[in-house]
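Report on the following structure.
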Amino acid sequence: MSVGFLAVDSGGSGLRVVMGTAGDDGRGRLGRRASREPVRTGARGIDPGHLMAQLVPMARALTAETGVSRLGTVVVGAAGLATLGDALRAELPGALAREFGARTVALVADAVTAYVGALGPRAGAVVAAGTGLIATGTDLARWRRADGWGHLLGDCGGGAWIGRAGLEAALRAHDGRRGGSAPLLARAEERFGPVAGLPGQLYPRPDRPAVLASFAPEVAACAAADDPVATDVLRAAAAHMADSAAAVCPTGGEPRVAVTGGLLKMGDPLVVPLAEELAKRLPHAQRAAAEGDPLHGSVRIATDLATGSLTLPRDDRMLWVTTVPDG
């Protein structure tokens with residue numbers, strides 16, 4: 001009988017799943033599946049029933065494909081787990097035991113799976129920069145996090161923050177106020193139409209952070225064309241990202257620091273000032289390229305749990321591990 005693991009990455013774009021055997025190191029994966037439907041959240045937080053409804057058919061297909069007959073370990077990395085995971089913690093381990101015979105279940109914040117995917121079980125800090133922004137760090141004794149407070153209260157330096165700052169500069173140019181950018185105004189009107197109608201387009205949207213973030217590449221394009229206002233926006237974003245990294249990075253030893261996420265696709269206008277800010281704020285840290293993504297991190301945690309070699313600190317909100325009794 002082949003006992004395997006199931007590693008899950010549940011985020012805003014859907015569900016990704018990898019099934020393998022306990023001896024895998026993340027490179028010898030046996031099979032994977034994906035769903036484009038995000039797991040619902042409601043009054044009880046992340047919906048365990050909706051997660052299982054998606055997960056069960058994918059896992060059944062993978063067991064038939066890979067020959068894994070029982071899942072000993074399941075790791076679920078989930079966006080929003082720290083604040084929305086109570087129902088998952090209450091119900092998911094039992095459901096996974098009933099469906100697959102799983103005995104070890106870990107529920108992990110997506111910031112932690114991003115960290116482990118990027119750096120593995122090493123001390124340091126990881127900034128995950130996409131539409132939002134969150135920094136996670138550990139000295140291997142405890143976890144720390146900074147920002148990740150959403151586009152209204154934080155996510156400073158993330159895609160929505162950059163897009164909003166760029167649109168503010170466009171509106172300043174429209175009004176004739178200081179700090180405006182004519183190039184950003186032209187790009188805003190090309191993308192959204194007359195900017196006088198922008199509040200009506202933006203404020204009612206439930207996907208407002210994504211809409212704001214969609215303008216971030218326009219800010220980068222204007223910065224690449226030497227628009228000083230756009231350049232200043234990206235320098236400010238880089239400073240915010242470095243501030244968050246510094247807030248969570250261990251102060252002693254030789255920690256590593258990595259940046260992950262789609263924001264890096266903006267290229268030199270952001271990457272160059274970010275490198276400068278990280279060197280300034282974290283001179284003792286070694287800059288490292290991310291090894292992998294959050295799914296890679298979930299696989300790494302699953303294989304380490306399955307082999308009894310997990311060295312990362314456990315935390316009820318960030319990395320919660322439980323053993324389901326037989327019966």
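Every chain in the structure tokens takes a letter, A first, then B, and so on in the order presented; its residues are numbered from 1, and the ligands are numbered from 1 following the presented order.
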
Using the chain letters and numbers from this document, which residues of range 64-217 of chain A does DSSP assign to strand (DSSP E), as a VMD selection string? chain A and resid 70 to 78 104 to 109 124 to 129 133 to 138 143 to 147

When you look at Glu65 in chain A with a cut-off of 10 Å (counting only C-alpha atoms), what residues show up, excluding the ones that are within fewer than 3 positions of it in the same chain? I need them as a list in words. Met19, Leu30, Gly31, Arg32, Ala59, Arg60, Ala61, Leu62 and Val68 of chain A

Selected residues written out, N, CA and C atoms, as an mmCIF file, in the first residue's frame:
```cif
data_model
loop_
_atom_site.group_PDB
_atom_site.id
_atom_site.type_symbol
_atom_site.label_atom_id
_atom_site.label_comp_id
_atom_site.auth_asym_id
_atom_site.auth_seq_id
_atom_site.Cartn_x
_atom_site.Cartn_y
_atom_site.Cartn_z
ATOM 1 N N MET A 19 -0.067 15.712 -5.562
ATOM 2 C CA MET A 19 -0.017 14.475 -4.784
ATOM 3 C C MET A 19 1.305 13.785 -5.054
ATOM 4 N N LEU A 30 4.262 13.354 -8.345
ATOM 5 C CA LEU A 30 3.583 12.306 -9.081
ATOM 6 C C LEU A 30 2.405 12.828 -9.897
ATOM 7 N N GLY A 31 1.748 13.838 -9.427
ATOM 8 C CA GLY A 31 0.598 14.318 -10.183
ATOM 9 C C GLY A 31 0.079 15.622 -9.633
ATOM 10 N N ARG A 32 -0.614 16.375 -10.486
ATOM 11 C CA ARG A 32 -1.150 17.658 -10.043
ATOM 12 C C ARG A 32 -2.456 17.971 -10.766
ATOM 13 N N ALA A 59 -8.493 14.941 -5.861
ATOM 14 C CA ALA A 59 -7.669 13.962 -5.160
ATOM 15 C C ALA A 59 -8.003 12.537 -5.582
ATOM 16 N N ARG A 60 -9.289 12.246 -5.816
ATOM 17 C CA ARG A 60 -9.660 10.908 -6.285
ATOM 18 C C ARG A 60 -9.004 10.602 -7.628
ATOM 19 N N ALA A 61 -9.032 11.589 -8.508
ATOM 20 C CA ALA A 61 -8.408 11.386 -9.815
ATOM 21 C C ALA A 61 -6.906 11.160 -9.681
ATOM 22 N N LEU A 62 -6.278 11.883 -8.757
ATOM 23 C CA LEU A 62 -4.837 11.745 -8.581
ATOM 24 C C LEU A 62 -4.458 10.418 -7.937
ATOM 25 N N VAL A 68 -1.196 6.106 -5.405
ATOM 26 C CA VAL A 68 -1.222 6.356 -3.965
ATOM 27 C C VAL A 68 -2.549 5.834 -3.420
#
```

Please provide as a list in words all residues within 8 Å of range 78-93 of chain A, with the sequence filter that same-chain residues fewer than 5 positions apart are discarded (counting only C-alpha atoms). Asp9, Ser10, Gly11, Gly12, Thr41, Arg44, Gly45, Ile46, Asp47, Pro48, Ala102, Val105, Leu107, Val108, Ala109, Asp110, Ala111, Arg317, Met318, Thr322 and Val324 of chain A

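Comparing the minimum interatomic distances between Pro183 in chain A and each of A:Gly77, A:Gly253, A:Gly166, A:Gly137, counting only C-alpha atoms, we find that A:Gly166 sits nearest.
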
Quick one, how far is CA of Pro209 in chain A from CA of Gly42 in chain A? 19.4 Å

Name the residues in contact with Ala239 in chain A at a cut-off of 8 Å, using only C-alpha atoms, excluding same-chain residues fewer than 5 positions from it; report them as a PyMOL selection string. chain A and resi 157+274+277

How would the residues just picked look written out with N, CA and C atoms as a PDB file, in the first residue's frame?
```pdb
ATOM      1  N   GLY A 157       2.975  49.578  -1.138  1.00  0.00           N
ATOM      2  CA  GLY A 157       3.957  49.169  -2.130  1.00  0.00           C
ATOM      3  C   GLY A 157       3.476  48.076  -3.054  1.00  0.00           C
ATOM      4  N   LEU A 274      14.223  48.857  -5.525  1.00  0.00           N
ATOM      5  CA  LEU A 274      13.962  47.888  -4.458  1.00  0.00           C
ATOM      6  C   LEU A 274      15.268  47.290  -3.946  1.00  0.00           C
ATOM      7  N   GLU A 277      16.924  49.852  -1.744  1.00  0.00           N
ATOM      8  CA  GLU A 277      16.268  50.019  -0.447  1.00  0.00           C
ATOM      9  C   GLU A 277      16.523  48.826   0.468  1.00  0.00           C
TER      10      GLU A 277
END
```

Considering only C-alpha atoms, return as number ranges by chain whatever protein or nucleic-acid residues lie within 12 Å of Ala279 in chain A, sequence-local ones (same chain, fewer than 3 positions apart) excluded. A: 238-239, 242-243, 245-246, 256-257, 272-276, 282-287

Per DSSP on the backbone, what are the helix (DSSP H, G or I) residues of range 85-310 of chain A, as a ChimeraX atom specification? /A:86-100,110-119,159-175,182-192,195-202,208-213,216-224,228-248,262-266,268-281,294-306

Find the residues around Cys156 in chain A up to 8 Å (only C-alpha atoms counted), leave out those fewer than 5 positions away in its own chain, and share them as a compact mmCIF listing (two decimals) with N, CA and C atoms, in the first residue's frame.
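Listed below is the output, around-v1.txt:
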```
# COMPACT_ATOMS: atom_id res chain seq x y z
N GLY A 132 -1.75 42.84 -3.58
CA GLY A 132 -1.49 43.31 -2.22
C GLY A 132 -0.03 43.12 -1.88
N LEU A 133 0.28 43.27 -0.59
CA LEU A 133 1.67 43.08 -0.16
C LEU A 133 1.70 42.64 1.29
N ASP A 147 2.28 44.16 7.42
CA ASP A 147 1.32 44.61 6.42
C ASP A 147 0.40 43.46 6.02
N HIS A 151 -6.17 46.84 0.73
CA HIS A 151 -5.87 48.05 -0.03
C HIS A 151 -6.38 49.33 0.62
N TRP A 161 -1.66 49.56 -4.49
CA TRP A 161 -1.11 50.81 -3.96
C TRP A 161 -0.44 51.62 -5.07
N ALA A 237 7.20 52.94 -3.46
CA ALA A 237 6.76 51.56 -3.31
C ALA A 237 7.91 50.68 -2.85
N HIS A 240 8.53 51.20 0.82
CA HIS A 240 7.53 50.51 1.65
C HIS A 240 7.82 49.02 1.72
N MET A 241 8.17 48.40 0.60
CA MET A 241 8.46 46.97 0.59
C MET A 241 9.66 46.65 1.48
```

In Å, with one decimal, what is the gap from CA of Ser214 in chain A to CA of Ile162 in chain A? 9.5 Å

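Here CA of Pro255 in chain A stands at a distance of 15.0 Å from CA of Lys280 in chain A.
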